[in-house]
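J.: Shown below is the structure under consideration.
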Amino acid sequence: MKTTMTAAARSRAAAWLPGLAMLGTFAALTWLETRRPLRRTVEPKGRHVARNLAIAGLSAATIRALEKPVVEPLAARVDRHGWGLLPRLGLPKPVETAVAVVLLDYTLYIWHVLTHRMPLLWRLHRIHHMDLDLDTSTALRFHAAEMALSVPWRAAQVVLIGVRPDALSRWQTLTLLSILFHHSNLRLPVEVERWLTRVIVTPRMHGIHHSIVPEETGSNWSSGLSLWDRLHGTLTLNVLQDAIVIGVPEVRDAEQVTLGRALAMPVTGPAPTGRLPDGRRPSRSARPVPETRLLA
């Protein structure tokens with residue numbers, strides 16, 4: 001009985017670890033942003049974070065209600081019945097888990113591209129991009145309707161790749177930690193970030209993706225490994241951070257990004273024209289920097 005209780009206690013502790021890692025990472029990055037900010041902020045930090053957490057709460061409730069009851073049972077069935085690609089390959093368990101995480105990351109890259117290219121998905125994903133500041137809280141700012149529409153894609157990822165529960169859990173944790181990190185407004189030494197960008201997405205790299213300039217928004221789609229942008233030719237690094245204006249062209253006023261307006265934006269907000277309020281198309285405010293100053 002004692003052994004059984006110990007095993008149960010360990011299982012409960014393991015279930016709490018991803019949540020604790022997320023909370024700890026969020027708190028640490030939010031504090032570090034105030035000490036070493038990468039970009040100048042537009043809104044007061046407290047109001048900005050509170051609004052994004054409110055939006056995130058609705059998204060989390062949607063995931064719990066719609067995604068969790070679908071995706072986790074599917075992963076369990078993959079484990080029992082050997083559905084999908086990876087169980088058929090007979091790989092050692094650690095290798096299979098690693099490959100599953102990589103393939104999930106790649107198919108998330110594809111989903112991210114679709115959220116920008118398909119008009120309906122962009123109307124929803126634009127809520128994430130319309131933030132006038134980019135920081136750790138923006139990583140959690142996704143409209144609940146976008147989360148609902150992502151459930152079939154996530155289910156297809158699990159079934160077609162053949163993702164078992166442990167691989168799914170590891171990918172979810174790693175992805176969440178990654179997006180908290182690369183959305184953060186944390187200034188790292190340029191030399192460190194140049195090295196990190198060879199492998200993973202970093203704050204400077206993802207900041208370019210949140211630019212109002214279409215050519216920059218249409219790059220740096222990766223969420224975990226930067227490999228996918230390199231393979232598809234969508235990597236952009238030679239943009240000065242001080243030249244980046246965060247957000248979407250149509251929404252440039254803080255009054256337009258209040259909680260109520262953000263939630264209603266897909267229906268009542270300005271159409272995604274790609275133009276500034278005065279009708280101009282945004283363009284780079286500075287010429288691209290040479291390769292020797294990447295991520296400057």
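Ligands are numbered from 1 in the order shown, residues from 1 within each chain, and chains are lettered A, B, ... in the order they appear in the structure tokens.
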Would you list the contacts of His182 of chain A as a VMD selection string, taking every protein, DNA or RNA residue within 7 Å and counting only C-alpha atoms, but skipping same-chain residues closer than 2 positions in sequence?

T.: chain A and resid 178 to 180 184 201 to 203 206

J.: Please, could you write that set of residues out with N, CA and C atoms as a CSV table (one decimal), in the first residue's frame?

T.:
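Written file, again_17.csv:
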chain,number,residue,atom,x,y,z
A,178,SER,N,8.6,27.7,-25.0
A,178,SER,CA,9.2,28.4,-26.2
A,178,SER,C,8.5,29.6,-26.5
A,179,ILE,N,7.2,29.6,-26.6
A,179,ILE,CA,6.5,30.8,-27.0
A,179,ILE,C,6.5,31.9,-25.9
A,180,LEU,N,6.5,31.5,-24.7
A,180,LEU,CA,6.7,32.5,-23.6
A,180,LEU,C,8.1,33.2,-23.8
A,184,SER,N,8.8,37.3,-25.4
A,184,SER,CA,9.1,38.2,-24.3
A,184,SER,C,9.9,39.4,-24.9
A,201,VAL,N,13.7,29.7,-31.9
A,201,VAL,CA,13.2,31.1,-32.1
A,201,VAL,C,13.5,31.9,-30.9
A,202,THR,N,13.9,33.2,-31.1
A,202,THR,CA,14.3,34.1,-30.0
A,202,THR,C,13.4,35.3,-30.0
A,203,PRO,N,13.5,36.2,-29.0
A,203,PRO,CA,12.7,37.4,-28.9
A,203,PRO,C,13.0,38.3,-30.1
A,206,HIS,N,11.4,36.7,-33.3
A,206,HIS,CA,9.9,36.7,-33.4
A,206,HIS,C,9.4,38.1,-33.4

J.: What's around Leu58 of chain A at 10 Å? Count only C-alpha atoms, leave out sequence neighbours fewer than 2 positions away in its own chain, and write the answer as a PyMOL selection string.

T.: chain A and resi 53-56+60-64+141-145+147+263

J.: For the selection you just gave me, I'd like the residues written to a file as a compact mmCIF listing (two decimals), in the first residue's frame, keeping C-alpha atoms.

T.:
# COMPACT_ATOMS: atom_id res chain seq x y z
CA LEU A 53 -4.35 37.21 -19.19
CA ALA A 54 -8.11 37.74 -19.39
CA ILE A 55 -8.07 36.76 -23.07
CA ALA A 56 -5.81 33.83 -22.22
CA ALA A 60 -7.58 28.10 -21.71
CA ALA A 61 -11.21 27.33 -20.85
CA THR A 62 -11.89 26.60 -24.52
CA ILE A 63 -8.90 24.26 -24.74
CA ARG A 64 -10.00 22.43 -21.63
CA ARG A 141 -3.18 36.11 -26.13
CA PHE A 142 -5.19 33.97 -28.57
CA HIS A 143 -8.88 34.32 -29.31
CA ALA A 144 -10.98 31.44 -27.95
CA ALA A 145 -12.53 30.90 -31.39
CA MET A 147 -8.39 27.74 -30.24
CA LEU A 263 -12.83 39.86 -28.18

J.: What are the DSSP strand (DSSP E or B) residues of segment 111-269 of chain A, as a PyMOL selection string?

T.: chain A and resi 186+200+211+225+246+248+251

J.: Take the residues just selected and output them with N, CA, C and O atoms as a PDB file, in the first residue's frame.

T.:
ATOM      1  N   LEU A 186      12.488  40.736 -23.772  1.00  0.00           N
ATOM      2  CA  LEU A 186      13.726  40.598 -23.006  1.00  0.00           C
ATOM      3  C   LEU A 186      14.932  40.823 -23.915  1.00  0.00           C
ATOM      4  O   LEU A 186      15.080  40.149 -24.935  1.00  0.00           O
ATOM      5  N   ILE A 200      16.783  27.740 -32.161  1.00  0.00           N
ATOM      6  CA  ILE A 200      15.425  28.016 -31.692  1.00  0.00           C
ATOM      7  C   ILE A 200      15.009  29.447 -32.022  1.00  0.00           C
ATOM      8  O   ILE A 200      15.837  30.273 -32.380  1.00  0.00           O
ATOM      9  N   SER A 211       5.913  42.603 -36.649  1.00  0.00           N
ATOM     10  CA  SER A 211       5.982  43.924 -37.261  1.00  0.00           C
ATOM     11  C   SER A 211       4.723  44.206 -38.083  1.00  0.00           C
ATOM     12  O   SER A 211       4.068  43.291 -38.585  1.00  0.00           O
ATOM     13  N   LEU A 225      11.696  25.205 -33.206  1.00  0.00           N
ATOM     14  CA  LEU A 225      12.949  25.170 -33.950  1.00  0.00           C
ATOM     15  C   LEU A 225      12.915  26.207 -35.070  1.00  0.00           C
ATOM     16  O   LEU A 225      11.921  26.318 -35.793  1.00  0.00           O
ATOM     17  N   ILE A 246       5.318  47.283 -33.640  1.00  0.00           N
ATOM     18  CA  ILE A 246       4.567  46.083 -33.301  1.00  0.00           C
ATOM     19  C   ILE A 246       3.069  46.291 -33.549  1.00  0.00           C
ATOM     20  O   ILE A 246       2.524  47.366 -33.274  1.00  0.00           O
ATOM     21  N   VAL A 248      -0.721  45.431 -35.918  1.00  0.00           N
ATOM     22  CA  VAL A 248      -1.273  45.284 -37.267  1.00  0.00           C
ATOM     23  C   VAL A 248      -1.563  46.684 -37.808  1.00  0.00           C
ATOM     24  O   VAL A 248      -1.835  47.607 -37.029  1.00  0.00           O
ATOM     25  N   VAL A 251      -4.910  48.770 -36.765  1.00  0.00           N
ATOM     26  CA  VAL A 251      -5.186  49.073 -35.355  1.00  0.00           C
ATOM     27  C   VAL A 251      -3.954  49.729 -34.742  1.00  0.00           C
ATOM     28  O   VAL A 251      -2.983  49.053 -34.410  1.00  0.00           O
TER      29      VAL A 251
END

J.: If you run DSSP on this backbone, which residues of segment 209-293 of chain A come out as alpha helix (DSSP H), and could you give them as a PDB file with N, CA, C and O atoms, in the first residue's frame?

T.:
ATOM      1  N   HIS A 209       8.471  39.111 -36.776  1.00  0.00           N
ATOM      2  CA  HIS A 209       7.206  38.543 -37.249  1.00  0.00           C
ATOM      3  C   HIS A 209       6.009  39.381 -36.794  1.00  0.00           C
ATOM      4  O   HIS A 209       4.973  39.414 -37.473  1.00  0.00           O
ATOM      5  N   PRO A 214       4.205  44.094 -43.926  1.00  0.00           N
ATOM      6  CA  PRO A 214       3.781  42.779 -44.419  1.00  0.00           C
ATOM      7  C   PRO A 214       4.940  41.829 -44.721  1.00  0.00           C
ATOM      8  O   PRO A 214       4.854  40.623 -44.424  1.00  0.00           O
ATOM      9  N   GLU A 215       6.021  42.345 -45.312  1.00  0.00           N
ATOM     10  CA  GLU A 215       7.146  41.476 -45.645  1.00  0.00           C
ATOM     11  C   GLU A 215       7.781  40.874 -44.406  1.00  0.00           C
ATOM     12  O   GLU A 215       8.370  39.790 -44.465  1.00  0.00           O
ATOM     13  N   GLU A 216       7.693  41.575 -43.295  1.00  0.00           N
ATOM     14  CA  GLU A 216       8.275  41.076 -42.047  1.00  0.00           C
ATOM     15  C   GLU A 216       7.298  40.173 -41.304  1.00  0.00           C
ATOM     16  O   GLU A 216       7.682  39.142 -40.746  1.00  0.00           O
ATOM     17  N   THR A 217       6.011  40.540 -41.307  1.00  0.00           N
ATOM     18  CA  THR A 217       4.995  39.663 -40.708  1.00  0.00           C
ATOM     19  C   THR A 217       4.972  38.320 -41.414  1.00  0.00           C
ATOM     20  O   THR A 217       4.761  37.278 -40.786  1.00  0.00           O
ATOM     21  N   LEU A 227      14.590  25.924 -37.629  1.00  0.00           N
ATOM     22  CA  LEU A 227      14.915  25.137 -38.819  1.00  0.00           C
ATOM     23  C   LEU A 227      13.887  25.308 -39.931  1.00  0.00           C
ATOM     24  O   LEU A 227      14.236  25.378 -41.112  1.00  0.00           O
ATOM     25  N   TRP A 228      12.593  25.378 -39.561  1.00  0.00           N
ATOM     26  CA  TRP A 228      11.540  25.387 -40.579  1.00  0.00           C
ATOM     27  C   TRP A 228      11.580  26.660 -41.417  1.00  0.00           C
ATOM     28  O   TRP A 228      11.340  26.612 -42.632  1.00  0.00           O
ATOM     29  N   ASP A 229      11.888  27.779 -40.808  1.00  0.00           N
ATOM     30  CA  ASP A 229      12.021  29.011 -41.583  1.00  0.00           C
ATOM     31  C   ASP A 229      13.233  28.951 -42.500  1.00  0.00           C
ATOM     32  O   ASP A 229      13.200  29.471 -43.619  1.00  0.00           O
ATOM     33  N   ARG A 230      14.282  28.314 -42.050  1.00  0.00           N
ATOM     34  CA  ARG A 230      15.460  28.172 -42.899  1.00  0.00           C
ATOM     35  C   ARG A 230      15.152  27.285 -44.100  1.00  0.00           C
ATOM     36  O   ARG A 230      15.529  27.592 -45.238  1.00  0.00           O
ATOM     37  N   LEU A 231      14.478  26.184 -43.860  1.00  0.00           N
ATOM     38  CA  LEU A 231      14.162  25.244 -44.938  1.00  0.00           C
ATOM     39  C   LEU A 231      13.225  25.857 -45.974  1.00  0.00           C
ATOM     40  O   LEU A 231      13.356  25.596 -47.178  1.00  0.00           O
ATOM     41  N   HIS A 232      12.278  26.665 -45.537  1.00  0.00           N
ATOM     42  CA  HIS A 232      11.275  27.221 -46.435  1.00  0.00           C
ATOM     43  C   HIS A 232      11.625  28.620 -46.945  1.00  0.00           C
ATOM     44  O   HIS A 232      10.822  29.233 -47.659  1.00  0.00           O
ATOM     45  N   LEU A 259     -10.194  45.131 -23.826  1.00  0.00           N
ATOM     46  CA  LEU A 259     -10.610  43.730 -23.739  1.00  0.00           C
ATOM     47  C   LEU A 259     -11.862  43.459 -24.575  1.00  0.00           C
ATOM     48  O   LEU A 259     -11.897  42.513 -25.374  1.00  0.00           O
ATOM     49  N   GLY A 260     -12.882  44.272 -24.389  1.00  0.00           N
ATOM     50  CA  GLY A 260     -14.129  44.052 -25.121  1.00  0.00           C
ATOM     51  C   GLY A 260     -13.944  44.146 -26.627  1.00  0.00           C
ATOM     52  O   GLY A 260     -14.454  43.316 -27.381  1.00  0.00           O
ATOM     53  N   ARG A 261     -13.200  45.151 -27.057  1.00  0.00           N
ATOM     54  CA  ARG A 261     -12.992  45.327 -28.487  1.00  0.00           C
ATOM     55  C   ARG A 261     -12.116  44.215 -29.063  1.00  0.00           C
ATOM     56  O   ARG A 261     -12.306  43.810 -30.217  1.00  0.00           O
ATOM     57  N   ALA A 262     -11.162  43.750 -28.278  1.00  0.00           N
ATOM     58  CA  ALA A 262     -10.314  42.652 -28.751  1.00  0.00           C
ATOM     59  C   ALA A 262     -11.138  41.388 -28.976  1.00  0.00           C
ATOM     60  O   ALA A 262     -10.986  40.704 -30.000  1.00  0.00           O
ATOM     61  N   LEU A 263     -12.022  41.073 -28.046  1.00  0.00           N
ATOM     62  CA  LEU A 263     -12.834  39.865 -28.175  1.00  0.00           C
ATOM     63  C   LEU A 263     -13.820  39.967 -29.332  1.00  0.00           C
ATOM     64  O   LEU A 263     -14.140  38.970 -29.994  1.00  0.00           O
ATOM     65  N   ALA A 264     -14.316  41.179 -29.579  1.00  0.00           N
ATOM     66  CA  ALA A 264     -15.286  41.377 -30.663  1.00  0.00           C
ATOM     67  C   ALA A 264     -14.622  41.678 -32.000  1.00  0.00           C
ATOM     68  O   ALA A 264     -15.305  41.739 -33.031  1.00  0.00           O
ATOM     69  N   MET A 265     -13.311  41.845 -32.017  1.00  0.00           N
ATOM     70  CA  MET A 265     -12.595  42.278 -33.214  1.00  0.00           C
ATOM     71  C   MET A 265     -12.879  41.436 -34.458  1.00  0.00           C
ATOM     72  O   MET A 265     -13.039  41.982 -35.560  1.00  0.00           O
ATOM     73  N   PRO A 266     -12.990  40.089 -34.373  1.00  0.00           N
ATOM     74  CA  PRO A 266     -13.243  39.316 -35.597  1.00  0.00           C
ATOM     75  C   PRO A 266     -14.531  39.708 -36.305  1.00  0.00           C
ATOM     76  O   PRO A 266     -14.643  39.559 -37.524  1.00  0.00           O
ATOM     77  N   VAL A 267     -15.520  40.221 -35.559  1.00  0.00           N
ATOM     78  CA  VAL A 267     -16.820  40.566 -36.146  1.00  0.00           C
ATOM     79  C   VAL A 267     -16.977  42.065 -36.362  1.00  0.00           C
ATOM     80  O   VAL A 267     -17.412  42.514 -37.429  1.00  0.00           O
ATOM     81  N   THR A 268     -16.592  42.848 -35.361  1.00  0.00           N
ATOM     82  CA  THR A 268     -16.879  44.287 -35.394  1.00  0.00           C
ATOM     83  C   THR A 268     -15.666  45.154 -35.691  1.00  0.00           C
ATOM     84  O   THR A 268     -15.820  46.361 -35.904  1.00  0.00           O
TER      85      THR A 268
END

J.: Hey, what's within 12 Å of segment 95-106 of chain A if we count only C-alpha atoms and toss same-chain stuff fewer than 5 positions away? As an mmCIF file with C-alpha atoms, in the first residue's frame, please?

T.:
data_model
loop_
_atom_site.group_PDB
_atom_site.id
_atom_site.type_symbol
_atom_site.label_atom_id
_atom_site.label_comp_id
_atom_site.auth_asym_id
_atom_site.auth_seq_id
_atom_site.Cartn_x
_atom_site.Cartn_y
_atom_site.Cartn_z
ATOM 1 C CA ALA A 75 -3.115 9.960 -28.175
ATOM 2 C CA ASP A 79 -0.638 4.130 -27.990
ATOM 3 C CA GLY A 84 -0.209 6.803 -37.474
ATOM 4 C CA LEU A 85 3.271 6.924 -38.937
ATOM 5 C CA LEU A 86 5.680 6.642 -36.040
ATOM 6 C CA PRO A 87 4.359 3.478 -34.303
ATOM 7 C CA ARG A 88 4.814 1.632 -37.598
ATOM 8 C CA LEU A 89 8.509 2.458 -37.796
ATOM 9 C CA GLY A 90 9.494 0.470 -34.713
ATOM 10 C CA TRP A 111 -0.771 25.768 -39.056
ATOM 11 C CA HIS A 112 0.769 29.143 -38.233
ATOM 12 C CA VAL A 113 1.192 29.908 -41.928
ATOM 13 C CA TRP A 153 -5.788 20.289 -36.808
ATOM 14 C CA ARG A 154 -4.377 19.131 -33.495
ATOM 15 C CA ALA A 155 -6.348 15.880 -33.722
ATOM 16 C CA ALA A 156 -5.001 15.286 -37.233
ATOM 17 C CA GLN A 157 -1.448 15.923 -36.020
ATOM 18 C CA VAL A 158 -1.808 13.301 -33.303
ATOM 19 C CA VAL A 159 -3.438 10.628 -35.480
ATOM 20 C CA LEU A 160 -1.404 11.031 -38.677
ATOM 21 C CA ILE A 161 1.991 11.392 -36.997
ATOM 22 C CA GLY A 162 1.132 8.756 -34.411
ATOM 23 C CA VAL A 163 1.763 10.771 -31.233
ATOM 24 C CA ARG A 164 1.618 8.885 -27.950
ATOM 25 C CA PRO A 165 0.539 10.609 -24.698
ATOM 26 C CA ASP A 166 4.045 11.131 -23.314
ATOM 27 C CA ALA A 167 5.277 12.713 -26.562
ATOM 28 C CA LEU A 168 2.182 14.940 -26.716
ATOM 29 C CA SER A 169 2.743 16.115 -23.146
ATOM 30 C CA ARG A 170 6.416 16.863 -23.756
ATOM 31 C CA TRP A 171 5.661 18.812 -26.939
ATOM 32 C CA GLN A 172 2.917 20.849 -25.277
ATOM 33 C CA THR A 173 5.230 21.812 -22.415
ATOM 34 C CA LEU A 174 8.211 22.625 -24.629
ATOM 35 C CA THR A 175 6.061 24.650 -27.039
ATOM 36 C CA LEU A 176 4.492 26.693 -24.269
ATOM 37 C CA SER A 178 9.246 28.354 -26.162
ATOM 38 C CA ILE A 179 6.463 30.803 -27.027
ATOM 39 C CA ILE A 200 15.425 28.016 -31.692
ATOM 40 C CA VAL A 201 13.179 31.057 -32.084
ATOM 41 C CA TRP A 221 6.692 31.506 -38.692
ATOM 42 C CA SER A 222 8.476 28.910 -36.538
ATOM 43 C CA SER A 223 7.375 28.308 -32.954
ATOM 44 C CA GLY A 224 10.113 26.074 -31.611
ATOM 45 C CA LEU A 225 12.949 25.170 -33.950
ATOM 46 C CA SER A 226 14.095 27.911 -36.331
ATOM 47 C CA LEU A 227 14.915 25.137 -38.819
ATOM 48 C CA TRP A 228 11.540 25.387 -40.579
ATOM 49 C CA ASP A 229 12.021 29.011 -41.583
ATOM 50 C CA LEU A 231 14.162 25.244 -44.938
ATOM 51 C CA HIS A 232 11.275 27.221 -46.435
#

J.: Rounded to one decimal place, report the atom CA of Thr258 of chain A-atom CA of Ile212 of chain A distance in Å.

T.: 19.0 Å

J.: So, with only C-alpha atoms as the atoms that count, which of A:Arg36, A:Val78, A:Pro272, A:Arg47 lies closest to Met118 of chain A?

T.: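 Smallest distance to Met118 of chain A is found for A:Pro272.
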
J.: Name the residues in contact with Leu32 of chain A at a cut-off of 9 Å, using only C-alpha atoms, excluding same-chain residues fewer than 5 positions from it; report them as JSON, numbers by chain.

T.: {"A": [27, 37, 185, 186, 187]}
